[in-house]
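Pasting model-v3.txt here (compact mmCIF, C-alpha atoms):
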# COMPACT_ATOMS: atom_id res chain seq x y z
CA MET N 238 -50.55 -107.50 -26.34
CA PRO N 239 -49.02 -104.45 -24.59
CA THR N 240 -51.12 -105.17 -21.53
CA LEU N 241 -49.57 -108.61 -21.11
CA LEU N 242 -46.06 -107.12 -21.44
CA GLY N 243 -46.57 -104.98 -18.32
CA VAL N 244 -46.98 -101.61 -20.07
CA PRO N 245 -50.54 -100.67 -19.28
CA PHE N 246 -50.27 -96.95 -20.41
CA LEU N 247 -49.68 -98.04 -24.04
CA GLY N 248 -52.98 -99.80 -24.03
CA ARG N 249 -54.66 -96.77 -22.54
CA ARG N 250 -53.15 -94.43 -25.15
CA ARG N 251 -54.18 -96.79 -27.94
CA GLU N 252 -57.65 -97.13 -26.52
CA THR N 253 -57.88 -93.39 -26.15
CA ALA N 254 -56.67 -92.87 -29.69
CA SER N 255 -59.35 -95.28 -30.99
CA GLU N 256 -62.11 -93.35 -29.33
CA PRO N 257 -64.05 -90.88 -31.34
CA PRO N 258 -63.09 -87.21 -31.12
CA THR N 259 -66.27 -86.22 -29.46
CA SER N 260 -65.70 -88.54 -26.53
CA ARG N 261 -62.13 -87.27 -26.12
CA GLU N 262 -63.26 -83.69 -26.11
CA ASN N 263 -65.87 -84.50 -23.46
CA ILE N 264 -63.28 -86.16 -21.30
CA ARG N 265 -60.86 -83.20 -21.83
CA ASP N 266 -63.57 -80.78 -20.82
CA ALA N 267 -64.41 -82.79 -17.78
CA ALA N 268 -60.72 -83.00 -16.78
CA GLY N 269 -60.17 -79.20 -17.10
CA PRO N 270 -57.52 -77.22 -18.94
CA GLN N 271 -54.67 -79.31 -17.49
CA ALA N 272 -55.60 -82.27 -19.63
CA SER N 273 -54.68 -80.49 -22.91
CA PRO N 274 -51.06 -81.26 -23.79
CA ASN N 275 -50.75 -78.01 -25.81
CA ALA N 276 -52.31 -75.81 -23.14
CA GLN N 277 -49.97 -73.22 -21.53
CA ALA N 278 -49.48 -73.68 -17.80
CA PRO N 279 -50.65 -70.71 -15.77
CA ASN N 280 -48.35 -68.83 -13.45
CA ASN N 281 -50.39 -69.43 -10.29
CA PHE N 282 -51.28 -73.06 -9.62
CA SER N 283 -52.88 -72.45 -6.28
CA SER N 284 -56.17 -71.42 -7.95
CA GLU N 285 -56.15 -74.19 -10.66
CA PHE N 286 -55.90 -77.29 -8.59
CA THR N 287 -59.17 -77.04 -6.79
CA GLY N 288 -60.73 -80.11 -8.41
CA SER N 289 -60.83 -83.66 -7.33
CA MET N 290 -57.03 -84.23 -7.60
CA PHE N 291 -55.31 -85.85 -4.69
CA PRO N 292 -53.65 -83.46 -2.21
CA SER N 293 -50.24 -85.15 -2.37
CA ARG N 294 -50.17 -85.13 -6.15
CA ARG N 295 -51.18 -81.49 -6.21
CA ALA N 296 -48.37 -80.53 -3.83
CA GLU N 297 -45.78 -82.33 -5.98
CA ILE N 298 -46.95 -80.53 -9.13
CA LEU N 299 -46.98 -77.18 -7.35
CA SER N 300 -43.40 -77.59 -6.08
CA ALA N 301 -42.17 -78.76 -9.51
CA HIS N 302 -43.82 -75.78 -11.21
CA GLN N 303 -42.32 -73.29 -8.77
CA CYS N 304 -38.85 -74.69 -9.34
CA SER N 305 -39.20 -74.51 -13.14
CA THR N 306 -40.58 -70.98 -12.94
CA ALA N 307 -37.73 -69.81 -10.71
CA SER N 308 -35.15 -71.32 -13.07
CA HIS N 309 -36.65 -69.56 -16.12
CA GLU N 310 -37.21 -66.13 -14.55
CA PRO N 311 -34.81 -63.40 -15.76
CA LEU N 312 -32.48 -61.82 -13.24
CA HIS N 313 -33.51 -58.31 -12.29
CA THR N 314 -30.91 -55.72 -11.17
CA PRO N 315 -31.80 -53.27 -8.43
CA ALA N 316 -32.92 -49.79 -9.40
CA SER N 317 -30.04 -47.99 -7.69
CA PRO N 318 -26.77 -47.82 -9.68
CA THR N 319 -24.60 -48.80 -6.71
CA LYS N 320 -24.92 -51.79 -4.50
CA ALA N 321 -25.75 -51.16 -0.92
CA LYS N 322 -22.83 -51.79 1.35
CA SER N 323 -23.36 -54.15 4.17
CA PRO N 324 -22.77 -52.83 7.67
CA ASP N 325 -20.02 -55.38 8.19
CA SER N 326 -17.91 -54.10 5.24
CA VAL N 327 -18.31 -50.45 6.31
CA ALA N 328 -17.28 -51.33 9.84
CA GLN N 329 -14.23 -53.25 8.58
CA ARG N 330 -13.10 -50.34 6.41
CA THR N 331 -13.59 -47.86 9.23
CA ALA N 332 -11.56 -50.04 11.57
CA ALA N 333 -8.79 -50.38 8.95
CA PHE N 334 -8.72 -46.60 8.46
CA GLN N 335 -8.45 -46.00 12.18
CA HIS N 336 -5.68 -48.54 12.67
CA ARG N 337 -3.38 -47.36 9.84
CA ARG N 338 -0.40 -45.14 10.52
CA PRO N 339 -0.96 -41.39 10.81
CA TRP N 340 -0.17 -39.15 7.83
CA ARG N 341 3.17 -37.40 7.70
CA ARG N 342 4.16 -34.57 5.37
CA LEU N 343 6.92 -36.56 3.72
CA LEU N 344 6.93 -37.72 0.11
CA TYR N 345 10.00 -39.94 0.27
CA ILE N 346 8.43 -42.58 2.56
CA PRO N 347 5.62 -44.98 1.54
CA GLN N 348 2.28 -44.15 3.19
CA ASP N 349 -1.31 -45.34 2.98
CA PHE N 350 -2.39 -41.94 1.61
CA PRO N 351 -2.25 -40.44 -1.86
CA ASP N 352 0.48 -37.91 -2.67
CA ASP N 353 -1.95 -34.96 -2.72
CA TYR N 354 -3.52 -35.79 0.64
CA VAL N 355 -3.60 -33.14 3.36
CA ASP N 356 -4.98 -33.43 6.85
CA ASP N 357 -7.32 -31.13 8.73
CA THR N 358 -4.46 -29.04 10.11
CA PHE N 359 -3.25 -27.96 6.66
CA LEU N 360 -4.90 -24.52 6.68
CA MET N 361 -4.16 -23.95 10.34
CA GLU N 362 -0.61 -22.92 9.34
CA LEU N 363 -1.87 -20.29 6.87
CA GLN N 364 -0.27 -16.90 7.44
CA LYS N 365 -1.38 -13.68 5.80
CA ASN N 366 0.92 -10.67 5.52
CA ALA N 367 3.43 -12.20 7.91
CA ASN N 368 6.38 -10.32 6.41
CA VAL N 369 4.55 -7.14 5.44
CA ARG N 370 6.11 -4.06 6.93
CA MET N 371 3.92 -1.07 7.71
CA TYR N 372 5.75 2.14 6.89
CA ASN N 373 5.68 5.49 8.58
CA TYR N 374 5.41 8.52 6.30
CA SER N 375 8.19 10.55 7.92
CA THR N 376 10.54 7.54 7.90
CA VAL N 377 9.94 6.90 4.20
CA VAL N 378 10.49 10.58 3.42
CA MET N 379 13.86 10.41 5.16
CA GLN N 380 14.78 7.27 3.20
CA THR N 381 14.12 8.97 -0.14
CA THR N 382 16.86 11.52 0.44
CA VAL N 383 19.52 9.12 -0.89
CA VAL N 384 17.72 9.04 -4.25
CA THR N 385 17.21 12.78 -4.53
CA GLN N 386 20.81 13.43 -3.49
CA HIS N 387 22.16 11.25 -6.29
CA ILE N 388 19.83 12.78 -8.88
CA SER N 389 20.85 16.27 -7.81
CA SER N 390 24.54 15.30 -7.97
CA ILE N 391 24.13 14.11 -11.57
CA VAL N 392 22.36 17.35 -12.48
CA VAL N 393 25.16 19.39 -10.88
CA PHE N 394 27.79 17.38 -12.78
CA ILE N 395 26.05 17.95 -16.11
CA ALA N 396 25.72 21.66 -15.35
CA VAL N 397 29.46 21.86 -14.62
CA PHE N 398 30.24 20.22 -17.97
CA ILE N 399 27.91 22.57 -19.89
CA ASN N 400 29.53 25.63 -18.29
CA LEU N 401 32.98 24.21 -19.03
CA TYR N 402 32.00 23.37 -22.59
CA ARG N 403 30.59 26.85 -23.23
CA GLY N 404 33.59 28.59 -21.71
CA ALA N 405 31.76 30.04 -18.71
CA LEU N 406 34.02 27.95 -16.45
CA THR N 407 37.74 27.40 -16.93
CA GLY N 408 39.64 24.24 -16.21
CA ASN N 409 41.95 25.94 -13.74
CA LEU N 410 39.04 27.30 -11.68
CA LEU N 411 37.32 23.92 -11.72
CA LEU N 412 40.50 22.20 -10.52
CA TRP N 413 40.95 24.59 -7.60
CA CYS N 414 37.28 24.49 -6.63
CA SER N 415 37.19 20.67 -6.66
CA THR N 416 40.36 20.54 -4.57
CA VAL N 417 38.98 22.96 -1.98
CA ILE N 418 35.69 21.07 -1.82
CA THR N 419 37.60 17.81 -1.32
CA VAL N 420 39.60 19.24 1.59
CA ILE N 421 36.45 20.63 3.20
CA GLY N 422 34.82 17.25 2.79
CA ILE N 423 37.71 15.42 4.47
CA ILE N 424 37.69 17.86 7.40
CA SER N 425 33.93 17.51 7.75
CA TRP N 426 34.33 13.74 7.55
CA ASP N 427 36.77 13.81 10.47
CA LEU N 428 34.57 16.10 12.55
CA LEU N 429 31.33 14.21 11.99
CA CYS N 430 32.66 10.64 12.17
CA LEU N 431 34.38 10.73 15.54
CA THR N 432 31.85 8.25 16.96
CA LEU N 433 32.27 5.77 14.08
CA ARG N 434 35.92 6.10 13.15
CA THR N 435 38.41 3.48 14.35
CA PRO N 436 42.13 3.09 13.59
CA VAL N 437 41.27 0.48 10.99
CA GLN N 438 38.86 2.86 9.28
CA ARG N 439 41.47 5.63 9.43
CA ILE N 440 43.93 3.38 7.60
CA ILE N 441 41.26 2.53 5.03
CA ARG N 442 40.42 6.21 4.54
CA LEU N 443 44.07 7.16 4.09
CA GLY N 444 44.58 4.32 1.62
CA MET N 445 41.55 5.48 -0.35
CA ILE N 446 42.92 9.03 -0.53
CA LYS N 447 46.30 7.71 -1.74
CA GLY N 448 44.57 5.73 -4.45
CA ALA N 449 42.62 8.79 -5.56
CA VAL N 450 45.81 10.87 -5.79
CA LEU N 451 47.55 8.14 -7.81
CA PHE N 452 44.59 7.89 -10.15
CA ALA N 453 44.56 11.68 -10.60
CA LEU N 454 48.21 11.66 -11.63
CA LEU N 455 47.45 8.89 -14.11
CA LEU N 456 44.64 10.98 -15.56
CA PHE N 457 47.00 13.94 -15.95
CA GLY N 458 49.27 11.84 -18.15
CA LEU N 459 46.39 10.42 -20.21
CA SER N 460 44.55 13.71 -20.73
CA PRO N 461 45.89 14.32 -24.30
CA ILE N 462 44.81 10.82 -25.36
CA LEU N 463 41.36 11.13 -23.79
CA ARG N 464 40.80 14.53 -25.40
CA THR N 465 41.18 13.04 -28.91
CA LEU N 466 39.47 9.74 -28.14
CA THR N 467 36.21 10.41 -30.00
CA GLU N 468 37.28 12.76 -32.77
CA ASP N 469 35.78 10.52 -35.49
CA THR N 470 32.48 10.02 -33.62
CA SER N 471 29.52 12.33 -34.14
CA SER N 472 28.31 14.52 -31.30
CA ASP N 473 24.80 13.05 -31.39
CA THR N 474 26.20 9.61 -30.66
CA ILE N 475 28.26 11.02 -27.78
CA TRP N 476 25.23 12.73 -26.20
CA ALA N 477 23.03 9.66 -26.59
CA MET N 478 25.61 7.31 -25.07
CA THR N 479 26.21 9.75 -22.22
CA VAL N 480 22.50 9.82 -21.36
CA ILE N 481 22.38 6.00 -21.40
CA PHE N 482 25.40 5.72 -19.10
CA PHE N 483 23.93 8.20 -16.64
CA PHE N 484 20.69 6.22 -16.51
CA VAL N 485 22.74 3.08 -15.79
CA ASN N 486 24.56 4.99 -13.07
CA LEU N 487 21.27 6.07 -11.54
CA ALA N 488 19.76 2.57 -11.72
CA PHE N 489 22.72 0.62 -10.25
CA HIS N 490 23.83 3.12 -7.62
CA ASP N 491 24.34 1.72 -4.13
CA TYR N 492 21.65 3.49 -2.10
CA SER N 493 22.30 1.57 1.11
CA THR N 494 24.10 3.04 4.09
CA GLY N 495 25.94 -0.12 5.13
CA ASN N 496 28.79 0.08 2.61
CA LEU N 497 31.07 2.74 4.11
CA THR N 498 34.58 1.67 3.15
CA ASN N 499 34.65 0.19 -0.36
CA ILE N 500 32.77 0.01 -3.64
CA ARG N 501 31.17 -3.31 -4.54
CA PHE N 502 28.47 -4.67 -6.85
CA PRO N 503 26.14 -3.11 -7.97
CA GLY N 504 27.84 0.13 -6.98
CA SER N 505 30.83 -0.80 -9.14
CA VAL N 506 28.58 -0.92 -12.22
CA SER N 507 27.26 2.53 -11.36
CA LEU N 508 30.77 3.93 -10.92
CA ASN N 509 32.00 2.43 -14.19
CA ALA N 510 29.02 3.89 -16.05
CA ALA N 511 29.72 7.32 -14.55
CA VAL N 512 33.40 7.12 -15.52
CA LEU N 513 32.51 6.14 -19.11
CA ALA N 514 30.06 9.03 -19.36
CA SER N 515 32.71 11.40 -17.98
CA VAL N 516 35.29 10.19 -20.52
CA LEU N 517 32.82 10.71 -23.37
CA LEU N 518 32.03 14.22 -22.19
CA ALA N 519 35.69 15.08 -21.59
CA SER N 520 36.51 14.14 -25.19
CA GLN N 521 34.37 17.08 -26.33
CA LEU N 522 36.49 19.68 -24.48
CA ASP N 523 39.20 21.78 -26.09
CA SER N 524 42.22 21.85 -23.74
CA ASN N 525 44.11 19.16 -21.89
CA LEU N 526 43.78 21.09 -18.62
CA SER N 527 40.01 21.15 -18.95
CA VAL N 528 39.99 17.40 -19.60
CA PHE N 529 42.20 16.72 -16.57
CA ALA N 530 40.18 19.04 -14.29
CA PHE N 531 36.89 17.60 -15.44
CA LEU N 532 37.94 13.94 -15.00
CA THR N 533 39.44 14.70 -11.58
CA PHE N 534 36.21 16.34 -10.55
CA ALA N 535 34.27 13.31 -11.89
CA LEU N 536 36.47 10.95 -9.84
CA LYS N 537 35.86 12.88 -6.64
CA TRP N 538 32.17 13.44 -7.38
CA PHE N 539 31.19 9.85 -8.21
CA ALA N 540 33.68 7.83 -6.12
CA LEU N 541 34.31 9.79 -2.90
CA PHE N 542 31.24 11.96 -2.51
CA PRO N 543 28.74 9.01 -2.31
CA ILE N 544 30.77 7.44 0.51
CA PHE N 545 30.74 10.77 2.36
CA ARG N 546 26.95 10.96 1.95
CA ARG N 547 26.57 7.47 3.41
CA TYR N 548 28.64 8.42 6.45
CA LEU N 549 26.60 11.58 6.85
CA LYS N 550 23.30 9.74 6.73
CA ARG N 551 24.47 7.14 9.21
CA ILE N 552 25.65 9.77 11.69
CA SER N 553 22.82 12.29 11.48
CA ALA N 554 19.53 12.16 9.57
CA ALA N 555 19.13 15.93 9.94
CA ALA N 556 22.53 16.55 8.34
CA SER N 557 21.59 14.25 5.49
CA MET N 558 18.36 16.19 4.97
CA VAL N 559 20.28 19.48 4.92
CA THR N 560 22.68 18.04 2.33
CA THR N 561 19.70 17.02 0.18
CA VAL N 562 18.21 20.52 0.28
CA VAL N 563 21.56 22.15 -0.51
CA LEU N 564 22.22 19.84 -3.48
CA ALA N 565 18.72 20.38 -4.86
CA LEU N 566 19.04 24.17 -4.61
CA VAL N 567 22.52 24.20 -6.19
CA ALA N 568 21.39 22.00 -9.09
CA THR N 569 18.32 24.16 -9.70
CA ALA N 570 20.33 27.39 -9.55
CA MET N 571 23.02 26.12 -11.91
CA PHE N 572 20.48 24.93 -14.48
CA MET N 573 18.34 28.04 -14.20
CA TYR N 574 20.76 29.89 -16.52
CA ILE N 575 21.04 26.90 -18.88
CA SER N 576 17.45 25.71 -19.24
CA ARG N 577 14.57 26.77 -17.04
CA ALA N 578 12.47 23.86 -18.24
CA ILE N 579 15.04 21.34 -17.01
CA ALA N 580 15.39 23.28 -13.76
CA MET N 581 11.63 23.19 -13.14
CA LEU N 582 11.54 19.51 -14.10
CA HIS N 583 14.25 18.81 -11.54
CA VAL N 584 12.32 20.69 -8.84
CA PHE N 585 9.05 18.84 -9.53
CA SER N 586 10.77 15.44 -9.74
CA THR N 587 12.55 16.07 -6.43
CA LEU N 588 9.30 17.06 -4.71
CA PHE N 589 7.46 14.06 -6.17
CA ILE N 590 10.14 11.56 -5.14
CA THR N 591 10.53 13.06 -1.65
CA PHE N 592 6.88 13.64 -0.72
CA GLY N 593 4.67 11.97 -3.36
CA CYS N 594 6.24 8.52 -3.63
CA PRO N 595 6.14 7.79 0.14
CA LEU N 596 2.46 8.71 0.24
CA TRP N 597 1.82 6.50 -2.77
CA LEU N 598 3.69 3.59 -1.15
CA ILE N 599 1.69 3.83 2.07
CA TRP N 600 -1.59 4.00 0.14
CA VAL N 601 -0.74 0.93 -1.97
CA GLN N 602 0.43 -1.02 1.10
CA ARG N 603 -3.15 -1.60 2.26
CA TYR N 604 -3.86 -3.73 -0.83
CA LYS N 605 -0.94 -6.06 -0.22
CA ASN N 606 -2.00 -9.66 0.43
CA GLU N 607 0.91 -12.01 1.04
CA ILE N 608 0.08 -15.63 1.86
CA HIS N 609 2.46 -18.13 3.43
CA GLY N 610 1.72 -21.71 4.39
CA PRO N 611 3.01 -25.28 4.46
CA TRP N 612 2.98 -25.39 0.64
CA ASP N 613 5.95 -23.00 0.43
CA GLU N 614 9.35 -24.40 -0.30
CA ALA N 615 11.66 -24.94 2.61
CA ARG N 616 14.23 -22.23 3.18
CA PRO N 617 17.49 -23.40 4.70
CA ILE N 618 18.93 -21.38 7.57
CA VAL N 619 22.60 -20.72 6.91
CA HIS N 620 24.71 -19.82 9.91
CA HIS N 621 27.81 -17.78 9.24
CA TYR N 622 30.62 -18.25 11.69
CA TYR N 623 33.34 -15.67 11.78
CA HIS N 624 36.67 -16.49 13.33
Would you encode the structure as structure tokens?
Amino acid sequence: MPTLLGVPFLGRRRETASEPPTSRENIRDAAGPQASPNAQAPNNFSSEFTGSMFPSRRAEILSAHQCSTASHEPLHTPASPTKAKSPDSVAQRTAAFQHRRPWRRLLYIPQDFPDDYVDDTFLMELQKNANVRMYNYSTVVMQTTVVTQHISSIVVFIAVFINLYRGALTGNLLLWCSTVITVIGIISWDLLCLTLRTPVQRIIRLGMIKGAVLFALLLFGLSPILRTLTEDTSSDTIWAMTVIFFFVNLAFHDYSTGNLTNIRFPGSVSLNAAVLASVLLASQLDSNLSVFAFLTFALKWFALFPIFRRYLKRISAAASMVTTVVLALVATAMFMYISRAIAMLHVFSTLFITFGCPLWLIWVQRYKNEIHGPWDEARPIVHHYYH
């Protein structure tokens, strides 16, 4: 018998199984819903165990049920997408940020900051219109005289060629007139430059005159060759190339007043363009004397006369203004008999450059917005030492 073997629950299960169903159902009803093996355990046991069960047994079942429920519950994530930082971690990061080395504007050393990091003082070094120069109207008008003088000199040179080409001016008269004008210019140079001239500059001036004389003698020997240089070239090509060379001369002319002794870049480009244009125009003349006189006049007009104008402007602004007015009037008068349209165009262009362009520059200057700051590239300061 199972009872004799010390397993009393087997006897109880067998006895319970031999009982009729009705008695088992009555016992199950009397015991409550916990007696059914297939019954689902409720979530809250505190309201179920109110019967005649022992208090200790009820506490054990309650604790076991809570442990099983906690182990089978799904893990729920918080509603916010980011986890809340504990105060300790925030304090540690703040302390680490405060104790790290300060930022320096150097990319070649390792730092605890990203490469595009800037501190709060970045925009404090912002500078607006630091190098903008505010112009005065009268000063700008005086500065435009160098441009109008050169334009008027080109117009005068072209008028001299047209008169020489048409026969209204002879080569002999042009040679004497250019020589007289050169002598008057040298005398005026000596009278006006007493405050600037030194023995070194006198030697340079004399050497420049010697070079001009030597070059004139060379031109006298090459005049027959230059006269027949472009016999096989059409006249339209000659006129077009001449206009191009004069525009190059006008664009690359040295308009500064600092170069008083020699010709350097870009003034050399301007002089070479003027010489080429003069050679092309001289090849259209008939006699060798006209070619020699015209090229000599071109040498004096484009090589020596600009230097004289620079000296004049440096000595006296009023004298430079008088020279501008005289050149403009001479150019207009000489072209009045050739083409009135070109003469009027020269007058209007001179007035616009002298009085209109300075006013336009001053009006546009108010819209200038130049920004400088620490983002600009470094500019090295080069010190020149002269011994």
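As for CA of Leu541 in chain N and CA of Thr376 in chain N, they are spaced 26.2 Å apart.
Here the question is which of N:Ile579, N:Leu508, N:Met558, N:Val420 gets nearest to Gln386 in chain N using all atoms listed in the file, and that residue is N:Met558.
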Exercise. Around (41.4, 24.0, -13.3) in the file's frame, which residues reach within 12 Å when counting all atoms listed in the file? Return as a ChimeraX atom specification?
Worked result: /N:401,406-417,457,524-534
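You can rank N:Leu517, N:Ile608, N:Leu582, N:Val480 by their closest distance to Leu363 in chain N using all atoms listed in the file, and at the top of that list sits N:Ile608.
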Exercise. Taking all atoms listed in the file into account, which of N:Ser390, N:Ser425, N:Ser375, N:Asn400 comes nearest Ile552 in chain N?
Worked result: N:Ser425
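Of the listed residues N:Phe489, N:Trp426, N:Tyr345, N:Phe484, the one whose atoms come nearest to Leu549 in chain N is N:Trp426, with distances taken using only C-alpha atoms.
In this model, the gap between CA of Tyr574 in chain N and CA of Ser471 in chain N comes to 26.4 Å.
Here CA of Ser389 in chain N is placed at a distance of 24.7 Å from CA of Ser472 in chain N.
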For this session: Go through N:Trp538, N:Phe545, N:Asp491, N:Arg403 one by one, measure the shortest atom-to-atom distance of each to Ile424 in chain N using all atoms listed in the file, and give the residue with the smallest value.
Result: N:Phe545
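The neighbours of Ala565 in chain N here are the residues that come within 8 Å of it, using all atoms listed in the file and leaving out any residue fewer than 4 positions away in the same chain; they are N:Thr385, N:Gln386, N:Ser389, N:Thr561, N:Thr569, N:Val584, N:Thr587.
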If you keep C-alpha atoms, can you produce a file of those selected residues as a compact mmCIF listing (two decimals), in the coordinates of the input?
# COMPACT_ATOMS: atom_id res chain seq x y z
CA THR N 385 17.21 12.78 -4.53
CA GLN N 386 20.81 13.43 -3.49
CA SER N 389 20.85 16.27 -7.81
CA THR N 561 19.70 17.02 0.18
CA THR N 569 18.32 24.16 -9.70
CA VAL N 584 12.32 20.69 -8.84
CA THR N 587 12.55 16.07 -6.43
For this session: For Thr382 in chain N, work out the shell of residues within 10 Å, counting only C-alpha atoms and skipping chain neighbours fewer than 4 positions away, then give it as a ChimeraX atom specification.
Result: /N:377-378,386-388,492,550,554,557-562,587,590-591
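For Arg341 in chain N, the list of residues within 12 Å, based on only C-alpha atoms and with local chain neighbours fewer than 4 positions off taken out, reads Tyr345, Ile346, Pro347, Gln348, Asp349, Phe350, Pro351, Asp352, Asp353, Tyr354, Val355, Asp356, Thr358 and Phe359 of chain N.
Comparing N:Gln602, N:Pro461, N:Trp612, N:Ile618 by their smallest distance to Val369 in chain N, the closest is N:Gln602 (using only C-alpha atoms).
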For this session: Using only C-alpha atoms, find all polymer residues with an atom at most 12 Å away from the point (6.4, 5.5, -0.4); report them as a ChimeraX atom specification.
Result: /N:371-381,589-602
